[in-house]
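Coordinates as given in query_9.tsv (TSV, C-alpha atoms):
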chain	number	residue	atom	x	y	z
A	202	MET	CA	-1.15	-24.87	10.40
A	203	ALA	CA	0.54	-22.03	12.30
A	204	LYS	CA	-1.02	-18.60	12.05
A	205	GLY	CA	1.01	-16.12	10.06
A	206	GLU	CA	2.79	-13.12	11.57
A	207	SER	CA	3.74	-9.68	10.29
A	208	PHE	CA	6.40	-7.26	11.52
A	209	LEU	CA	7.39	-3.67	10.78
A	210	PHE	CA	11.10	-2.93	11.20
A	211	LEU	CA	11.88	0.78	10.94
A	212	GLY	CA	14.85	3.07	11.39
A	213	PRO	CA	18.39	3.53	10.08
A	214	GLU	CA	20.27	1.09	12.34
A	215	LEU	CA	20.82	-1.84	9.98
A	216	GLY	CA	22.97	-3.95	12.28
A	217	GLU	CA	20.40	-4.45	15.03
A	218	LYS	CA	17.67	-4.74	12.41
A	219	GLN	CA	19.56	-7.54	10.70
A	220	GLU	CA	20.10	-9.30	14.02
A	221	ALA	CA	16.34	-9.22	14.66
A	222	ILE	CA	15.70	-10.67	11.20
A	223	GLU	CA	18.24	-13.43	11.87
A	224	ARG	CA	16.45	-14.29	15.11
A	225	ILE	CA	13.14	-14.65	13.27
A	226	ARG	CA	14.80	-16.72	10.55
A	227	GLY	CA	16.35	-18.98	13.18
A	228	GLU	CA	13.05	-19.38	15.06
A	229	LEU	CA	11.23	-20.37	11.86
A	230	THR	CA	13.94	-22.88	10.94
A	231	LYS	CA	13.76	-24.42	14.42
A	232	LYS	CA	9.95	-24.50	14.35
A	233	TYR	CA	9.59	-26.12	10.92
A	234	GLY	CA	12.80	-28.13	10.83
A	235	VAL	CA	13.93	-26.49	7.56
A	236	PRO	CA	14.77	-22.91	6.54
A	237	PRO	CA	11.75	-20.91	5.33
A	238	GLU	CA	11.28	-20.08	1.67
A	239	GLU	CA	12.36	-16.43	1.31
A	240	THR	CA	11.06	-13.80	-1.10
A	241	SER	CA	11.87	-10.08	-1.26
A	242	PHE	CA	9.90	-7.25	-2.83
A	243	TYR	CA	10.78	-3.57	-3.18
A	244	ALA	CA	7.88	-1.17	-2.68
A	245	GLY	CA	7.89	1.20	-5.62
A	246	ASP	CA	9.21	-1.50	-7.92
A	247	THR	CA	6.38	-4.02	-7.34
A	248	PRO	CA	2.75	-2.82	-7.00
A	249	ALA	CA	1.31	-3.29	-3.50
A	250	ALA	CA	-1.62	-5.23	-5.00
A	251	ASP	CA	0.80	-7.76	-6.52
A	252	ILE	CA	2.55	-8.17	-3.17
A	253	ALA	CA	-0.79	-8.76	-1.43
A	254	SER	CA	-1.78	-11.32	-4.07
A	255	PHE	CA	1.49	-13.20	-3.57
A	256	LEU	CA	1.00	-13.25	0.20
A	257	LEU	CA	-2.54	-14.60	-0.09
A	258	ASN	CA	-1.45	-17.48	-2.32
A	259	GLY	CA	0.28	-20.21	-0.33
A	260	SER	CA	3.50	-21.91	-1.38
A	261	LEU	CA	3.37	-25.30	-3.08
A	262	PHE	CA	6.98	-26.12	-2.28
A	263	SER	CA	7.66	-25.02	1.29
A	264	GLU	CA	6.23	-25.49	4.78
A	265	ALA	CA	6.94	-21.86	5.73
A	266	ARG	CA	7.52	-18.55	3.96
A	267	LEU	CA	9.51	-15.49	5.01
A	268	VAL	CA	8.58	-12.46	2.88
A	269	PHE	CA	10.30	-9.06	2.94
A	270	VAL	CA	8.88	-5.79	1.62
A	271	LYS	CA	11.74	-3.29	1.53
A	272	ASN	CA	11.46	0.50	1.14
A	273	ALA	CA	8.07	0.18	2.86
A	274	GLU	CA	7.85	3.98	3.16
A	275	LEU	CA	6.85	3.98	-0.53
A	276	LEU	CA	3.58	2.21	0.30
A	277	LYS	CA	1.40	5.32	0.28
A	278	LYS	CA	-1.71	5.49	-1.92
A	279	LYS	CA	-4.83	4.17	-0.22
A	280	ASP	CA	-6.26	2.61	-3.38
A	281	GLU	CA	-2.99	0.74	-3.93
A	282	THR	CA	-2.39	-0.42	-0.35
A	283	ALA	CA	-5.96	-1.50	0.55
A	284	GLY	CA	-5.25	-5.15	-0.28
A	285	LEU	CA	-2.03	-5.18	1.75
A	286	VAL	CA	-3.74	-3.50	4.72
A	287	SER	CA	-6.46	-6.16	4.57
A	288	TYR	CA	-3.82	-8.91	4.50
A	289	LEU	CA	-2.00	-7.47	7.55
A	290	LYS	CA	-5.21	-7.77	9.55
A	291	ASN	CA	-5.60	-11.44	8.57
A	292	PRO	CA	-2.22	-12.91	7.50
A	293	SER	CA	-1.87	-16.24	5.69
A	294	ASP	CA	-0.95	-19.35	7.62
A	295	ASN	CA	2.75	-20.30	7.79
A	296	THR	CA	3.74	-16.92	6.32
A	297	THR	CA	5.91	-14.37	8.11
A	298	LEU	CA	5.98	-10.91	6.56
A	299	ILE	CA	8.57	-8.25	7.47
A	300	LEU	CA	8.07	-4.69	6.21
A	301	VAL	CA	11.38	-2.82	6.24
A	302	SER	CA	12.15	0.90	6.02
A	303	ASP	CA	15.15	3.06	6.95
A	304	ILE	CA	12.91	5.88	8.18
A	305	PRO	CA	11.07	5.85	11.54
A	306	GLY	CA	7.51	5.83	10.18
A	307	ILE	CA	5.46	4.81	7.13
A	308	ASP	CA	1.87	5.20	5.92
A	309	ARG	CA	-0.52	5.36	8.89
A	310	ALA	CA	-3.01	2.92	7.41
A	311	VAL	CA	-0.28	0.31	6.89
A	312	GLU	CA	1.19	0.87	10.36
A	313	GLY	CA	-2.25	0.83	11.95
A	314	ALA	CA	-3.03	-2.61	10.55
A	315	LEU	CA	-0.21	-4.09	12.65
A	316	PRO	CA	-0.29	-4.76	16.39
A	317	LYS	CA	1.90	-2.42	18.43
A	318	ALA	CA	4.17	-5.26	19.53
A	319	ALA	CA	5.02	-6.02	15.89
A	320	LYS	CA	6.51	-2.56	15.27
A	321	HIS	CA	10.15	-1.87	16.11
A	322	VAL	CA	12.24	1.25	15.43
A	323	PHE	CA	15.99	0.64	15.27
A	324	TRP	CA	17.78	3.92	15.97
A	325	GLU	CA	21.42	4.62	15.15
A	326	ILE	CA	23.79	4.53	18.09
A	327	TYR	CA	24.53	7.99	19.51
A	328	GLU	CA	27.39	9.89	17.89
A	329	ASN	CA	29.38	9.98	21.13
A	330	LYS	CA	29.04	6.18	21.45
A	331	LYS	CA	30.36	5.29	17.99
A	332	PRO	CA	34.11	5.77	18.63
A	333	GLU	CA	33.98	3.41	21.62
A	334	TRP	CA	31.93	0.89	19.57
A	335	VAL	CA	34.71	0.80	16.96
A	336	ARG	CA	37.51	0.59	19.55
A	337	SER	CA	35.73	-2.20	21.41
A	338	TYR	CA	35.13	-4.18	18.23
A	339	PHE	CA	38.85	-4.14	17.38
A	340	ARG	CA	39.89	-4.67	21.00
A	341	ARG	CA	37.92	-7.93	21.20
A	342	GLU	CA	40.05	-9.26	18.32
A	343	GLY	CA	43.35	-8.06	19.76
A	344	PHE	CA	43.77	-4.91	17.67
A	345	TYR	CA	44.28	-1.32	18.72
A	346	VAL	CA	43.06	1.59	16.58
A	347	ASP	CA	44.31	5.11	17.22
A	348	GLY	CA	42.04	8.15	17.33
A	349	ASP	CA	42.70	9.21	13.72
A	350	ALA	CA	41.91	5.70	12.52
A	351	VAL	CA	38.61	5.63	14.42
A	352	ASN	CA	37.60	9.01	12.95
A	353	THR	CA	38.55	7.83	9.45
A	354	ILE	CA	36.41	4.70	9.81
A	355	LEU	CA	33.43	6.71	11.04
A	356	GLU	CA	33.82	9.17	8.15
A	357	LEU	CA	34.14	6.55	5.43
A	358	VAL	CA	31.79	3.80	6.52
A	359	GLU	CA	28.01	3.98	6.31
A	360	ASN	CA	26.42	5.11	9.56
A	361	ASN	CA	25.13	1.82	11.02
A	362	THR	CA	26.62	-1.06	12.97
A	363	ASP	CA	26.07	-3.56	10.15
A	364	ALA	CA	28.32	-1.60	7.77
A	365	LEU	CA	30.80	-0.83	10.56
A	366	ARG	CA	31.02	-4.50	11.56
A	367	ARG	CA	31.49	-5.61	7.93
A	368	GLU	CA	34.24	-3.10	7.13
A	369	CYS	CA	36.04	-3.52	10.46
A	370	SER	CA	36.10	-7.29	9.95
A	371	ARG	CA	37.60	-6.87	6.48
A	372	LEU	CA	40.12	-4.38	7.79
A	373	MET	CA	41.29	-6.76	10.50
A	374	LEU	CA	41.93	-9.45	7.89
A	375	PHE	CA	43.88	-7.00	5.77
A	376	ALA	CA	45.89	-5.57	8.68
A	377	GLY	CA	46.70	-9.01	10.07
A	378	LYS	CA	47.88	-10.23	6.68
A	379	GLU	CA	49.82	-7.05	6.01
A	380	ASN	CA	51.57	-6.86	9.38
A	381	GLY	CA	51.99	-10.56	10.01
A	382	THR	CA	50.82	-10.00	13.60
A	383	LYS	CA	47.98	-8.23	15.28
A	384	GLY	CA	48.71	-4.73	16.49
A	385	VAL	CA	48.01	-1.07	15.86
A	386	ILE	CA	45.88	-0.05	12.89
A	387	SER	CA	46.46	3.49	11.65
A	388	ALA	CA	44.43	5.85	9.46
A	389	SER	CA	46.88	5.36	6.59
A	390	GLU	CA	46.30	1.58	6.69
A	391	ILE	CA	42.57	2.15	6.45
A	392	GLU	CA	43.02	4.30	3.36
A	393	LYS	CA	45.37	1.69	1.93
A	394	TRP	CA	42.75	-1.00	2.49
A	395	LEU	CA	39.98	0.99	0.88
A	396	SER	CA	42.04	2.17	-2.09
A	397	HIS	CA	44.20	-0.86	-2.88
A	398	THR	CA	42.21	-3.97	-2.00
A	399	ARG	CA	39.30	-3.16	-4.28
A	400	SER	CA	39.34	-2.64	-8.03
A	401	GLU	CA	37.32	0.55	-7.51
A	402	SER	CA	36.51	2.62	-4.44
A	403	ALA	CA	35.49	6.08	-3.33
A	404	PHE	CA	39.16	7.01	-3.75
A	405	THR	CA	39.34	5.99	-7.42
A	406	LEU	CA	36.04	7.77	-8.01
A	407	PHE	CA	37.46	10.92	-6.43
A	408	SER	CA	40.55	10.57	-8.65
A	409	ALA	CA	38.32	10.58	-11.74
A	410	LEU	CA	36.42	13.61	-10.43
A	411	ALA	CA	39.71	15.38	-9.71
A	412	ALA	CA	40.81	14.70	-13.30
A	413	GLY	CA	37.49	16.01	-14.65
A	414	ASN	CA	36.76	12.70	-16.40
A	415	LEU	CA	32.97	12.32	-16.30
A	416	SER	CA	32.77	9.13	-18.37
A	417	LYS	CA	35.31	7.44	-16.06
A	418	CYS	CA	33.32	8.61	-13.04
A	419	ILE	CA	30.13	7.00	-14.34
A	420	GLU	CA	32.02	3.81	-15.20
A	421	ILE	CA	33.46	3.56	-11.68
A	422	MET	CA	30.08	4.31	-10.10
A	423	ASN	CA	28.47	1.51	-12.10
A	424	THR	CA	31.24	-0.86	-11.02
A	425	LEU	CA	30.73	0.03	-7.36
A	426	LEU	CA	26.97	-0.45	-7.58
A	427	ALA	CA	27.44	-3.80	-9.35
A	428	ALA	CA	29.72	-4.83	-6.46
A	429	GLN	CA	26.83	-4.10	-4.04
A	430	GLU	CA	28.37	-0.95	-2.59
A	431	THR	CA	25.56	1.19	-1.18
A	432	PRO	CA	25.01	4.71	-2.57
A	433	VAL	CA	25.13	6.11	0.97
A	434	ALA	CA	28.57	4.55	1.57
A	435	ILE	CA	29.88	5.80	-1.80
A	436	ILE	CA	28.73	9.36	-1.12
A	437	ALA	CA	30.19	9.19	2.40
A	438	GLY	CA	33.58	8.32	0.90
A	439	ILE	CA	33.43	11.18	-1.62
A	440	THR	CA	32.35	13.59	1.13
A	441	TRP	CA	35.38	12.57	3.17
A	442	CYS	CA	37.67	13.16	0.19
A	443	PHE	CA	36.25	16.63	-0.46
A	444	LYS	CA	36.57	17.59	3.21
A	445	ARG	CA	40.22	16.62	3.08
A	446	PHE	CA	40.52	18.45	-0.26
A	447	ARG	CA	39.26	21.62	1.43
A	448	ASP	CA	41.99	21.25	4.09
A	449	TYR	CA	44.54	20.72	1.30
A	450	CYS	CA	43.45	23.90	-0.50
A	451	GLU	CA	43.68	25.95	2.68
A	452	LEU	CA	47.23	24.71	3.29
A	453	ALA	CA	48.20	25.42	-0.34
A	454	ALA	CA	46.67	28.91	-0.18
A	455	ARG	CA	48.85	29.71	2.86
A	456	GLY	CA	51.92	28.20	1.22
A	457	GLU	CA	52.12	25.55	3.94
A	458	ALA	CA	51.59	22.34	1.91
A	459	SER	CA	54.81	20.70	3.14
A	460	ASP	CA	55.19	16.94	3.58
A	461	SER	CA	54.74	17.19	7.35
A	462	GLU	CA	51.62	19.37	7.09
A	463	LEU	CA	50.06	17.16	4.45
A	464	LYS	CA	50.64	14.11	6.64
A	465	LYS	CA	48.78	15.85	9.47
A	466	ILE	CA	45.60	15.93	7.33
A	467	GLY	CA	46.05	12.34	6.12
A	468	ILE	CA	47.66	12.91	2.71
A	469	THR	CA	50.58	10.52	2.90
A	470	THR	CA	51.12	8.95	-0.53
A	471	MET	CA	52.34	10.40	-3.82
A	472	LYS	CA	49.15	9.16	-5.50
A	473	SER	CA	46.90	11.04	-3.07
A	474	ARG	CA	49.01	14.19	-3.46
A	475	ARG	CA	48.60	14.03	-7.23
A	476	ASP	CA	44.85	13.55	-6.81
A	477	TYR	CA	44.51	16.59	-4.57
A	478	ALA	CA	46.72	18.69	-6.81
A	479	ASP	CA	44.50	17.69	-9.76
A	480	ALA	CA	41.39	18.52	-7.72
A	481	GLU	CA	42.81	21.94	-6.87
A	482	HIS	CA	43.33	22.61	-10.58
A	483	THR	CA	39.86	21.27	-11.51
A	484	PHE	CA	37.74	22.72	-8.70
A	485	GLY	CA	39.71	25.22	-6.67
A	486	LEU	CA	39.01	26.13	-3.06
A	487	ASN	CA	35.79	28.01	-3.87
A	488	ALA	CA	34.14	24.84	-5.21
A	489	ALA	CA	35.14	22.62	-2.27
A	490	ASP	CA	32.27	23.67	-0.01
A	491	LYS	CA	29.83	23.50	-2.93
A	492	CYS	CA	30.89	19.89	-3.58
A	493	ILE	CA	30.45	19.03	0.10
A	494	ALA	CA	26.98	20.60	0.04
A	495	LEU	CA	26.08	18.53	-3.04
A	496	CYS	CA	27.22	15.40	-1.22
A	497	ALA	CA	24.90	16.21	1.69
A	498	GLU	CA	22.01	16.94	-0.68
A	499	TYR	CA	22.35	13.68	-2.60
A	500	ASP	CA	22.95	11.63	0.54
A	501	LEU	CA	19.47	12.71	1.61
A	502	SER	CA	18.05	12.09	-1.87
A	503	VAL	CA	19.29	8.50	-2.19
A	504	ARG	CA	18.09	7.69	1.33
A	505	SER	CA	14.54	8.80	0.49
A	506	GLY	CA	14.31	8.09	-3.25
A	507	GLY	CA	14.11	4.28	-3.26
A	508	THR	CA	16.22	1.78	-5.18
A	509	ALA	CA	14.50	2.44	-8.50
A	510	LEU	CA	15.93	5.99	-8.61
A	511	GLU	CA	19.40	5.34	-7.20
A	512	SER	CA	21.27	5.02	-10.49
A	513	ILE	CA	19.65	8.13	-11.97
A	514	LEU	CA	20.26	10.19	-8.84
A	515	LEU	CA	23.92	9.15	-8.69
A	516	ASP	CA	24.48	10.04	-12.35
A	517	ILE	CA	23.00	13.49	-11.72
A	518	TYR	CA	25.13	13.81	-8.58
A	519	LEU	CA	28.32	13.08	-10.53
A	520	TYR	CA	27.30	15.42	-13.34
A	521	LYS	CA	26.69	18.31	-10.94
A	522	ILE	CA	30.07	17.86	-9.25
A	523	TRP	CA	31.78	17.60	-12.64
A	524	SER	CA	29.94	20.77	-13.74
A	525	LEU	CA	31.45	22.67	-10.82
A	526	GLY	CA	34.87	21.81	-12.22
A	527	ILE	CA	33.85	23.03	-15.68
A	528	HIS	CA	32.51	26.27	-14.17
A	529	ASN	CA	35.78	26.76	-12.27
A	530	ALA	CA	37.78	26.24	-15.49
A	531	ASN	CA	35.61	28.82	-17.30
A	532	GLU	CA	36.11	31.32	-14.49
A	533	ARG	CA	39.90	30.86	-14.66
A	534	SER	CA	39.89	31.39	-18.42
A	535	ARG	CA	38.20	34.78	-17.97
A	536	VAL	CA	40.84	35.99	-15.56
structure tokens encoding of this file:
Amino acid sequence: MAKGESFLFLGPELGEKQEAIERIRGELTKKYGVPPEETSFYAGDTPAADIASFLLNGSLFSEARLVFVKNAELLKKKDETAGLVSYLKNPSDNTTLILVSDIPGIDRAVEGALPKAAKHVFWEIYENKKPEWVRSYFRREGFYVDGDAVNTILELVENNTDALRRECSRLMLFAGKENGTKGVISASEIEKWLSHTRSESAFTLFSALAAGNLSKCIEIMNTLLAAQETPVAIIAGITWCFKRFRDYCELAARGEASDSELKKIGITTMKSRRDYADAEHTFGLNAADKCIALCAEYDLSVRSGGTALESILLDIYLYKIWSLGIHNANERSRV
């Protein structure tokens, strides 16, 4: 029997992390002649003692096992993690364990039970490198993306190469089908892809927020989560909409919301103009920055709260944004 191995994959860069996991999966398949039996646990959802017990008991049906423990930063209490720490020091034969976390460090006792060579931190690519990453990805497939389109992608897509690669691939399929030939992809095409090729998106969620319809907001959020959209990506989309809403309000306040000026800030369709007009009525300029601040607050919360709390946090997030609209309406009624 082959001695088991354990790895700790840390950091926010999901693309490179996934590539490393694929390499391990491929090596195990080559070594054993068949794909390993895979099992995933979420720390916080499954007690650490139960995970350790599973790891210690061999499989009756497979030559090799590949086990993931996600949200590993939630492995904290010494009395709960003692069994897992003991396992890491003496792993089961034919079992490969990968602890995964989006943050750069977890409990010291858990980390300390692993050899240094088994720990890898996957950092996000530098901000100044991301635009060229996007351009190069499209260029390899024969597409050109202008500067506004690159900025739109980086605003709307979750901040890692895995999400960027997935959305850029989808966008190329859409743009090629739409145009008939490969060519230039603009910011307006990206919005069209995100808003029209999915039953729900950050844009339809923003529309419901702009209309002050809380029940519709929650319904759309549940649909997005059921479709495996990540909370971080959803909040990123809403943040982008509110930043553009702030620009819209500033133009409207100066009396400069002409077609040409609106196009300059990316508001090109009648539907988007209606949404931003509704948002102005619901929230007003004063609430725009408060909404953006809430987006930043809950982006941090969902990153650190674990999957068990995601749905609750997102409901509270929507309620707080909706409440800002109610507060704005009450303030107007007093004037």
Would you compute an axis-aligned box for segment 282-301 of chain A, covering every atom listed for it in the file with 8 Å of margin on each side, and report centre and edge lengths in Å to one decimal as JSON?
{"center_x": 2.5, "center_y": -10.4, "center_z": 4.6, "size_x": 33.8, "size_y": 35.9, "size_z": 25.9}
Task: Selection: 7 Å around Glu401 of chain A, all atoms listed in the file, excl. self and same-chain fewer than 4 positions, as a ChimeraX atom specification - done: /A:405,421,425
Can you write out the residues you just picked, keeping C-alpha atoms, as a PDB file, in the coordinates of the input?
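Just written: result.pdb:
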ATOM      1  CA  THR A 405      39.340   5.990  -7.420  1.00  0.00           C
ATOM      2  CA  ILE A 421      33.460   3.560 -11.680  1.00  0.00           C
ATOM      3  CA  LEU A 425      30.730   0.030  -7.360  1.00  0.00           C
TER       4      LEU A 425
END
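Residue nearest Asp251 of chain A within the list A:Ile513, A:Ala283, A:Leu300, A:Ala318: A:Ala283 [criterion: smallest interatomic distance, all atoms listed in the file].
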Task: Length of the atom CA of Asn272 of chain A to atom CA of Glu223 of chain A vector [Å] - done: 18.8 Å
Open item on the list: Which residue is closest to Glu325 of chain A? Choose from A:Asp294, A:Glu420, A:Asp490, A:Asp363 and count all atoms listed in the file.
Closed with: A:Asp363
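Using all atoms listed in the file, the shortest contact distance between Arg475 of chain A and any of A:Glu368, A:Ile517, A:Ala411, A:Ile436 is found at A:Ala411.
Of note, atom CA of Tyr518 of chain A and atom CA of Ala427 of chain A are spaced 17.8 Å apart.
Distances from A:Val335, A:Ala310, A:Leu406, A:Leu256 to Leu372 of chain A were compared using only C-alpha atoms, and the smallest one belongs to A:Val335.
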TODO: Using only C-alpha atoms, find the one residue out of A:Gly245, A:Pro316, A:Gly467, A:Gly438 that sits nearest to Lys271 of chain A.
DONE: A:Gly245
Task: Tyr233 of chain A environment, 8 Å, only C-alpha atoms, sequence neighbours closer than 4 positions dropped, as a ChimeraX atom specification - done: /A:229,237,264-265
Please produce an output containing C-alpha atoms for each residue in the selection, written as an mmCIF file, keeping the file's coordinate frame.
data_model
loop_
_atom_site.group_PDB
_atom_site.id
_atom_site.type_symbol
_atom_site.label_atom_id
_atom_site.label_comp_id
_atom_site.auth_asym_id
_atom_site.auth_seq_id
_atom_site.Cartn_x
_atom_site.Cartn_y
_atom_site.Cartn_z
ATOM 1 C CA LEU A 229 11.230 -20.370 11.860
ATOM 2 C CA PRO A 237 11.750 -20.910 5.330
ATOM 3 C CA GLU A 264 6.230 -25.490 4.780
ATOM 4 C CA ALA A 265 6.940 -21.860 5.730
#
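Coordinates place atom CA of Asp500 of chain A at a distance of 7.9 Å from atom CA of Ala437 of chain A.
Those DNA, RNA and protein residues that approach the point (29.1, -6.2, 5.4) to within 12 Å, considering all atoms listed in the file, are Leu215, Gly216, Gln219, Val358, Glu359, Asn361, Thr362, Asp363, Ala364, Leu365, Arg366, Arg367, Glu368, Cys369, Ser370, Arg371, Leu372, Ala428, Gln429, Glu430, Thr431 and Ala434 of chain A.
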- [ ] Could you give me, as an MDAnalysis selection string, the residues within 12 Å of Asp349 of chain A, counting all atoms listed in the file and dropping anything in the same chain fewer than 5 positions from it?
- [x] chainID A and resid 332 336 354:356 385:392 464:467
Task: Shell of 7 Å around segment 446-455 of chain A, only C-alpha atoms, local chain residues under 4 positions omitted, as number ranges by chain - done: A: 442, 477, 481, 486, 489
Non-local contacts of Leu514 of chain A (8 Å; all atoms listed in the file; under 5 positions in same chain excluded) as a PDB file with C-alpha atoms, in the coordinates of the input:
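Okay, out-v1.pdb is ready:
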ATOM      1  CA  TYR A 499      22.350  13.680  -2.600  1.00  0.00           C
ATOM      2  CA  SER A 502      18.050  12.090  -1.870  1.00  0.00           C
ATOM      3  CA  VAL A 503      19.290   8.500  -2.190  1.00  0.00           C
TER       4      VAL A 503
END
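In terms of minimum interatomic distance to Glu206 of chain A, A:Val268 ranks closest within A:Val235, A:Ile522, A:Ile326, A:Val268, counting all atoms listed in the file.
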